[in-house]
Structures are given as C-alpha cells and as structure tokens.
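Enquirer: To start, I am sharing the structure in question, which I have written as structure tokens.
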Amino acid sequence: MKDQRPVVILIFIFLVSVILLTKLFMIQVVDDSFMKRAESNAIQRIVDHPYRGLVYDRNGKLLVFNNPIFDVMIVPKEFKVGDTARFCELFKISKEQLIESYTAAKKYSSVKPSTLIKQFSTRDFARIQDFLVDYPGLFITTRSVRSYPNATAAHALGYIGEISANQLERDTLKYYAQGDYVGLSGMERYYENDLRGRKGVKYKMVNVRGVDKGPFKDGEYDTASVAGKNITSTIDMDLQLYGEMLMAGKTGSVVAIEPKTGEILAMISAPFYNPNDLTGADFSKNYRKLNNDPSKPLFNRPIMAMYPPGSIFKIVQSLIGLQEGILTPNTTFACNRSLVACHNHPSPVNLFGAIRNSCNPYYHQAFRMIINQEVSSNTFKDTEIGLNAWREKVLKFGLGSSLGVDMTNEKGGSIPSSKLYDRVYGEGHWKYSTIYSLSIGQGELLVTPLQMANLSAVFANKGYYYTPHLIKAVDGDETMIPAKYQIKHEVGIDAHHFDLIQDAMAEAIYGTAARAVLKDITIAGKTGTAQNPHGEDHSVFFAFAPKEDPKIAIAVYVENAGWGGRAAASTASLMIEKYLRDSITRPALEEYVLAGNFIY
Amino acid sequence: MRESDIHINRVDWVTVAIYFALVMIGWFNIYAAVYDGQAEKSIFDFSINSGKQLVWIGTAVMLITVIMVADSRFFENLSLYIYLAFIGLLVITPFVGKEVNGQILSIGFGDFRIQPGEFAKFATGLALAKVMERPTFDLSKKNYQAIAFGVLLLPVILILLQPDTGTAMVYFSLLLMFYREGLPAVYYILGFGLIAIVLLALGIENNLYLAGAIVAVTLVLIFLGKRTWQRTVAFSAIGLGLIAFIYSIDFVVSKLPEHQQNRIMVLFNPNLDPLGVGWNVTQSKIAIGSGGLFGKGYLEGTQTKFDFVPEQHTDFIFCTLGEEFGWVGSLVVIALFVGLLYRLVFMAERQKTRFTRIYGYCVVSILLFHFMINIAMTIGLFPVVGIPLPFFSYGGSSLWSFTVLLFIFIKMDSSRATQLGRLG
C-alpha cells in the first residue's frame, strides 16, 4: 500500500497540470471573447472626422464654410468648482444644468472626459479662456459646424444634422456611426459623398487609467482621413441675395437658369429661413420652430409646389401644333367666346396674335385639331389616341415627371393621360369637350416652378435643355459633375418654329406685362395667372433674355398676388436686369415689388 | 568543512537546469510585465523591477554556492535550531515588523527586509524531517500524528496572526508529505469529500438541491447494505450532520472578513463585480485568454503592460506569460514545473535516509502547492490568494526562499552516497 503512494502523488501532479492546461486551452484557444475584451480594454479606436467640403457660388464666393465651436469637457475626478455661482455666471449655465451635466459625466466615468457644456461660440470661448485655469479638470475640445456667411440659399444648400436611426440602418456599407453628421436636404444631402470626405481611424493603446500609450502596432492599421471635396455651385450669390430681398415677406418661388447649360443661377423659395439657424446647438429647437410654422418655410417651393401652368402652356400647344403641321403661322381662328372666356382683343387672330393676346378660344380650337385628328371614327377613341400622342410630346419638354435636379424630394407635376380620365369618367365616356381646359393650361395639368423655368430655357434655346442643376464643379473640376447634367435633351420641335414664338413673347410683354419691359434688353416673356380656389390667384411670369442671345431664363411665382403682369413680371424683370447689368435702373419698380401691394 | 562534501559530479544537474530555466523565463517575463514601449528601458536597468530581479537572482546564486559548499550534515544537525530560530522571528515580527496594508509580514532594516513566513517553510520542512526520521515514527498512530501536526501548526498559527492567510495555507501542502509517510488515506478521502461539499455548497445557489442529493445518497447506502439499526442510525446521523454542515457554510462565510468573502464569491461568479473584487480575476483571465495559441509575441502584450492586471509582476506574473506566449508558452512552463516535480519525487525516492526523503517531499509539496494554486487563481479556478509562482514571481524573499528550499535538497541528494542507509 505504502509503495503505491509515490505513484499516487505523481498521478496527482499530472492531473493538476492536465486540469490547468485544459482550462488554459479553454480560455486561450477555444473562447475568443477574451481576445475581444482585451482589445476593448487596451485599444481605443479614435475616429478622425475630416473637414466637410466648402461650397462656393459660381463666382467663387463662399456660401458654406466650417465654423469652429468649442465644447467644454470635464474630468469629474479632477474638477473643483469653488464658487458655484461665479462659475455659472462665467459659463452662462444654470446651477441645475451644471449639476445635471456633472452628475451625468460622473456617472459615465470619473476619470475619463465627457462633455460638460456643448458648443461654445468663438466669442464665448474667448471670454472664458482666461478663467479656465482656475478650474482644474476642465478643458476645451474644438469641433466645427456649418456656417453661412451671407445666410442665403437655405433651401438649395440644405442642412446637415445627426444621422437618424433609420439612415443608419440603411447604410449597408457601415460608413456612418451614431452621432455622425450627414446632409439631410439640398446639396448637402445630394453631394454628401463628395462633401463628407473619408473618415480616418487611429488605433491607440491606453493603459488601465486611459492614459495614451502610443499608436497600436506603430499605426499599421491606422487610416488617414481625407478632407471633403469643395463644391462650386451654379448659384450666383448676388442674384440669389437680390431675389431673396425681393421675395422677402412673400410666398412663392423664383428659379433662374442659364439656358445654354441648365445651371441654376438662383433658386428662391419664399418664405425662407436663415440657414445658420439649422446649425450648432440650437438645431433641434429651431428646426421644431420652422417645422411648426404655418407659412412652411422649410417647404422647398421651386421643386415641391405644383401649380396649373395657365396661359404659359399655350406656347407649348403652339409648338406642338406647328411641329405637327396642324398650325402654321397663318392659321387663324375667331375669338369665339362661347367656347371659352377671353378678354378684349381684335378677332380673328393668327398664331402670333393668339400668343400675344393669350387668346383662349384660339387654343380651344387649335387643341381640338391636335387631339382629334380623326385617326378613329369613334370620337371617344379618337380623343384617347390623340391625348396620349399629345402627352408624349408634352413630356419631352421636361414636364410631367421630375427633371432630376440635384436636390431631394423634387416633384414631377402632372400631364394627364387617358388613364386618368378613364378612371374619373369611365372608358369611352369622355371626349374633347371633357378635356378642353388642357388647351389653355388649366384642368389636370400641374407643373413646378423649376419645370416652368426649364420650359423658358427650352424656348430660349429653340428646342433643347440641359437638366437644371446646382452643381458647377467638384474641387474646381467642371467635368466631375454628374454625367446626366451634361446630356442635351431635345424636345422634338424644329428650331425654326421657335422664331415666331420668341417674337410673340417679346411682343407680348408690352401688352400683358408692361412693367417687365427693360430698355436696351429684349425680354421675351409670358404672364400667367394660376387660378387659386382658396383665395387670390397666383401671379406667374416666365421669361428669358436677352432674346437675341439668351443668358437667363426665369420663372417667378408669387402666391396670392393676383395678375401675373404685376408681382411676378416685375420681380422677373428686376432679376434679369440684376443678372445682366448688375445694377438696377428702375428704383421705382424695385420699391413697388418690395412694398408688395399687388392687389388693387 | 571536509573536502569530500562538495560532490559536484553527483549534483542533480537536471533539477538545476530546470531551476535556471524557470528563473530566466521568469526574469524575461518580469521585464515584459514592467516594459513600457515609450520609455525603452533595458532589461538590466536597475530602476525597473527586471533590473532588481537580476540582483535577486545574483544573490540567489550566491546562496546556492553557500548551500552547496556547506557541510552536508549541517542542515540535518541544525534543523530543529533553524526551525526554532524562524519561529522566534515569526513571534517577534508583529512587534518589530513593518505594517503594510494591515499586514506585518517583513522584518529588517531599511531596504533589506525578509519575510520570515516565507523562509519558515524550509525550516518547517527540516524540522518535520528531523522529528519524523526515526523508523518508529508511525503516522497511523495518534501520538505521532499529534507531534507532526504540532510542528506543522506552530508556524501556521503565528503566520495567521500577521495575518497572512495565503502563506499559512502553503503549510498545509505538507499534508502531501504526510501522505507519503503513511498518514491514513481515509483522512484524505474525508478531507477531499468535505472540500467538495463546501465547494458545491458555495457554488450551488440553492442548498436544497445539495441537501436532497445527500438524503438520496444516504438512503441508497442504508438500503444497499445490511439493515441493522445501528448502521441506519449512523448513516442517518452522518447525513443529517452533512446537511447541517452545508447550511453552516453560508454562516461561516458570512463571518469571514469581507475581502475573503468576496474572493470566494468571485470564484463562482467572476462577473459579480467586474470592476471591484472581480477585477483581478477578470483582467487576469482577459490577459491570459487573449494570448491565443501562440501568444501576442514577446513585449507585445497589451493587458499586462498597460497595468490592467494588478500585481502583474508578482502574484499574477503568469498573465504575462499567457498573454505573450499563449497556450504553447503556458504548456512549456507547466511542463517544466511538472518535470521538476517528477524529478524531485524521483530524487526523494532514491534517498537512503528517511530524513532526506521527508525533506524532499516537503520541497515537492510546497512547490506543487504554489505552482497549482498560483496558476489556478490567475485563470479563475481558485480564489485569489497572495502566493507567488516559484522562481517566476518578482521579489527577493520569494526567490531566495524557494532557492534555499530547493538547493538544500539538491545538496542533500548530492551527498546521499556518504550517508548510511537508515530507511525503515
């Protein structure tokens, strides 16, 4: 028995080592959770946020930049406040706030820094800077917020904000993290990928107290951040500011486009807001205020508001008629007011006269010829075929669906097809007399101000357009803009048909929009009055100038301002003058628009 | 000193080689534990612990030399006096020693301090070898048991007064030597049984399950054997006694000092308080566990280097090894320890005198206990007790006491040929 005991001891030693090695194998090789916990222990991942790209106007003037702001950070363990009242006064914080922030910071960690006061401005920072030394445990970190030196083009530029849970979920590339700022509207959103740059990551080692112990593996896994690209917008800041001045206190839209390129020179949505309100510390508060404002300042009217095009649409009808060979410049109709109401003008009129006088019965009759070409002996069927064929031609003008401007939430308006009337009246139960209001731009037609401005550009260009856009160059390179903005869209109307139209438009303003007439510069324009069942009609004007070599095409909508010849035509004319001459020769007209009394 | 007492060619070089291997690996690990990539101090830098450990190693070599050239009978003849001297030191330690964290462990002057509790281990080993060496000393007899336990418990009581539970526990490792020398096996079976029940009682939340299991086993035992009433009563009494014992454990634990209670509770649930009491064990496991199969490479460990593991160069030195050399490194070191222990058992068994055999087993017992408990605590198999890993952990007292312990036996072994066989 005794002789076996050394063997028992040896077996015991062996078993002990087997148990130890087994357990070690379990935690070292089998279970990899310790590896991860070790990493989270000692390796800190520090995200290096790049500078967001700046935005310039077409002349190189700064529209958006990054403004440094300062966060006051606290290490609770080292913090000594002394006189609380004095501290609160210096840092402009209430005692309750201080206690709340301090408690939250302490709860997070007493040795790691957390934010005590968010977003000090440069001025506030300068004020407290000297006092900081009196408060151990406090230090300052800098971040930057978007800033708008001229507080202009809020809707076009858009704003950035903290990424939402929804967006995070949709971010399949997992680029974003909670708390990241992303473009939420306008160009900020559309060009997010260019503007944001590329985040960098640094891995650094920290010891048990969080003290920096240098880069992990000498920075082998670090990536440098890449600054965002600067963007040049097509916006002309001076024109934009001037338009905003004219539209202040009104509701409506102004869209100005360079016809030859589709570049948007100005895009005003009134009422507008100061883009600086949607940055920094007060973002949430101001956003809520703007969102609840009954005048809807956040609503981006140029691309989201839809109106019937009114008389302006008659030009589209004329062009389709000419191209089809149904109308010639000499086609004459009597101003038969039994068909549809009109105003006093000589009768009968040819096409030129119809445009100049905006003759409703003329288009009632002309549109019937376009629709009912007697392809079918069944008048219902014939109308259906005619309407759909006509619609295809209208769509080519950039109407009826969104153009694809570089902003989000662009509406497409509406050009009705036979399906709409089939749904409302039933198949075979509607004919020309049902749809004749389309002839004069009323009825089921809806267009956005942007589409209207684009239409003006089509007329200026004699038959083509480039999709309107806000981007002119990325990092100074004009070829870097999206390819879709470099494609010429033909509208399917021969160029020579536009000569008569342009002449008529140039002539028309002397009759319907005399206020718009500009000495030495020929403006081709057309008034419109969008009927508004809820109140005064909307004042509409669209134009391009100079007629001989168009540099600007513009559409102006002023809601509830009545006749197009007053508010809209005046505003458009002033905008044209501002852009082409860079000075205003008609202070009285400017006064008139600024005063804003258009109903009399 | 006689010329013939130095038997260089009889020294067990295998043991010596393993000893130096462990000491050197330990030294490199101490450097890794204190290494700071930003400071770039040399391993020889005396301002850091690896440099100091080199001094302890150097002085340990001097101690080895002294032991090897001493008279082979010196330790045997003086064993009881050495024992009494250290008992004396232990007695005066609480009065003249230096208090650190409520414990008075060391005595000495200035920087030169020793912990009598550490050195009393080899002294107790020598004393036990001395009193038990007579062939008539029979551990199955109560009076001899009393003598043996008396010699063992005297230093234990004095150390518990310091109080140093960890070191006191080490002395109970000598029960392994008692086993080799004939203490009846039934004691061990009962002992391990009780320990198992204690662990189960602590580990299982609801004592009712355990009590139920005991009732079931008792009933089975009663009905399986001869059903006499004496037997039934005896088994029932034992069963009831065990159940009472289980329920008394919680009570006893609640009477322990709080830090010991916590250490016990953390063993069963390390996530109980990961930033408080569980910190050591949790961080230690993270460090070792993150090593993987081959480790992160020498000086590449992050957990130990950046102070996540407390006491990383002393009691938790194994973490550095586990993190930087992985499972393979752990295997090598554990193999070295097992090799050393096997070699020592082999050496003890080849002794011609009972004295040297008993002392040999004392060395085996103490080294095994330190090795087993230290590593077990770093991987959460045993509550945290402050005992060092032999030859590895930083510190002069620790290294010297293990060196003295081991080399006295190597010395005895090398001169075994000169001794008369007195084995019973």
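Naming works like this for the structure tokens: A, B, ... for the chains as they're shown, residue 1 at the start of each chain, ligands 1 onward in shown order.
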Would you return as a ChimeraX atom specification the members of segment 51-287 of chain A that DSSP assigns to strand (DSSP E) on this structure's backbone?

Expert: /A:55-56,62-74,114-120,138-147,160-162,181-183,200-206,212-215,231-233,252-258,263-270

Enquirer: When the cut-off is 8 Å and we count only C-alpha atoms, which residues of chain A are near chain B, given as a VMD selection string?

Expert: chain A and resid 2 5 to 6 9 to 10 13 to 14 16 to 17 20 to 21 23 to 25 27 to 29 31 to 32 34 to 38 41 to 42 205 to 208 213 to 214

Enquirer: Calculated over only C-alpha atoms, which of the candidates A:Ala104, A:Ala555, A:Ile440, A:Ala248 has the smallest distance to Leu455 of chain A?

Expert: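 Closest residue, counting only C-alpha atoms: A:Ala555.
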
Enquirer: Please, which residues of segment 52-265 of chain B, numbered as in this document, come out helix (DSSP H, G or I) from DSSP, as a VMD selection string?

Expert: chain B and resid 52 to 69 74 to 96 116 to 132 142 to 160 165 to 180 185 to 203 207 to 224 229 to 255 258 to 265

Enquirer: Determine, counting only C-alpha atoms, which protein, DNA and RNA residues have an atom within 7 Å of an atom of Pro271 of chain A; residues of the same chain fewer than 2 positions away are not included. Present the result as an MDAnalysis selection string.

Expert: chainID A and resid 248:251 269 273 297

Enquirer: Give me the residues within 12 Å of segment 191-196 of chain B as a PDB file with C-alpha atoms, in the first residue's frame, counting only C-alpha atoms and dropping any in the same chain fewer than 3 places off.

Expert:
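Saved the output as around09.pdb:
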```pdb
ATOM      1  CA  LEU B 175      -0.060  17.041   4.121  1.00  0.00           C
ATOM      2  CA  PRO B 184      -4.002   7.020   6.685  1.00  0.00           C
ATOM      3  CA  ALA B 185      -5.667   7.615   3.354  1.00  0.00           C
ATOM      4  CA  VAL B 186      -9.091   7.836   4.950  1.00  0.00           C
ATOM      5  CA  TYR B 187      -8.159  11.305   6.274  1.00  0.00           C
ATOM      6  CA  TYR B 188      -7.577  12.482   2.740  1.00  0.00           C
ATOM      7  CA  LEU B 199     -17.373  23.981  -2.941  1.00  0.00           C
ATOM      8  CA  LEU B 200     -20.699  22.535  -4.012  1.00  0.00           C
ATOM      9  CA  ALA B 201     -22.496  24.359  -1.222  1.00  0.00           C
ATOM     10  CA  LEU B 202     -20.876  27.632  -2.273  1.00  0.00           C
ATOM     11  CA  GLY B 203     -21.270  27.006  -5.958  1.00  0.00           C
ATOM     12  CA  ILE B 204     -24.889  25.866  -5.966  1.00  0.00           C
ATOM     13  CA  LEU B 210     -27.422  19.535  -2.333  1.00  0.00           C
ATOM     14  CA  GLY B 241     -24.640  16.206  10.041  1.00  0.00           C
ATOM     15  CA  LEU B 242     -23.611  16.932   6.439  1.00  0.00           C
ATOM     16  CA  ILE B 243     -26.808  18.851   5.775  1.00  0.00           C
ATOM     17  CA  PHE B 245     -22.697  21.438   7.727  1.00  0.00           C
ATOM     18  CA  ILE B 246     -23.867  22.745   4.363  1.00  0.00           C
ATOM     19  CA  ILE B 249     -21.100  27.126   5.497  1.00  0.00           C
TER      20      ILE B 249
END
```

Enquirer: Name the residues in contact with Trp430 of chain A at a cut-off of 9 Å, using only C-alpha atoms, excluding same-chain residues fewer than 3 positions from it; report them as an mmCIF file with C-alpha atoms, in the first residue's frame.

Expert:
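Result file follows (selection.cif):
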```cif
data_model
loop_
_atom_site.group_PDB
_atom_site.id
_atom_site.type_symbol
_atom_site.label_atom_id
_atom_site.label_comp_id
_atom_site.auth_asym_id
_atom_site.auth_seq_id
_atom_site.Cartn_x
_atom_site.Cartn_y
_atom_site.Cartn_z
ATOM 1 C CA PHE A 380 -64.139 58.807 -77.846
ATOM 2 C CA THR A 383 -59.760 61.589 -78.316
ATOM 3 C CA GLU A 384 -57.979 58.922 -76.315
ATOM 4 C CA TYR A 421 -59.933 60.300 -67.491
ATOM 5 C CA ASP A 422 -60.840 56.616 -67.814
ATOM 6 C CA TYR A 425 -65.303 59.235 -66.230
ATOM 7 C CA GLY A 426 -65.005 55.633 -67.316
ATOM 8 C CA GLU A 427 -63.532 54.312 -70.534
ATOM 9 C CA SER A 433 -65.258 68.631 -74.532
ATOM 10 C CA THR A 434 -64.251 66.926 -71.306
ATOM 11 C CA ILE A 435 -60.584 67.845 -71.562
#
```

Enquirer: Figure out the distance between atom CA of Phe178 of chain B and atom CA of Asp138 of chain B, please, to one decimal in Å.

Expert: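 Between atom CA of Asp138 of chain B and atom CA of Phe178 of chain B the gap is 10.4 Å.
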
Enquirer: Fewer than 6 positions away in the same chain doesn't count, so skip those; otherwise give me all residues within 9 Å of Val333 of chain B, counting only C-alpha atoms, as a list in words.

Expert: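 Near Val333 of chain B, the qualifying residues are Leu22, Ile25 and Leu321 of chain B.
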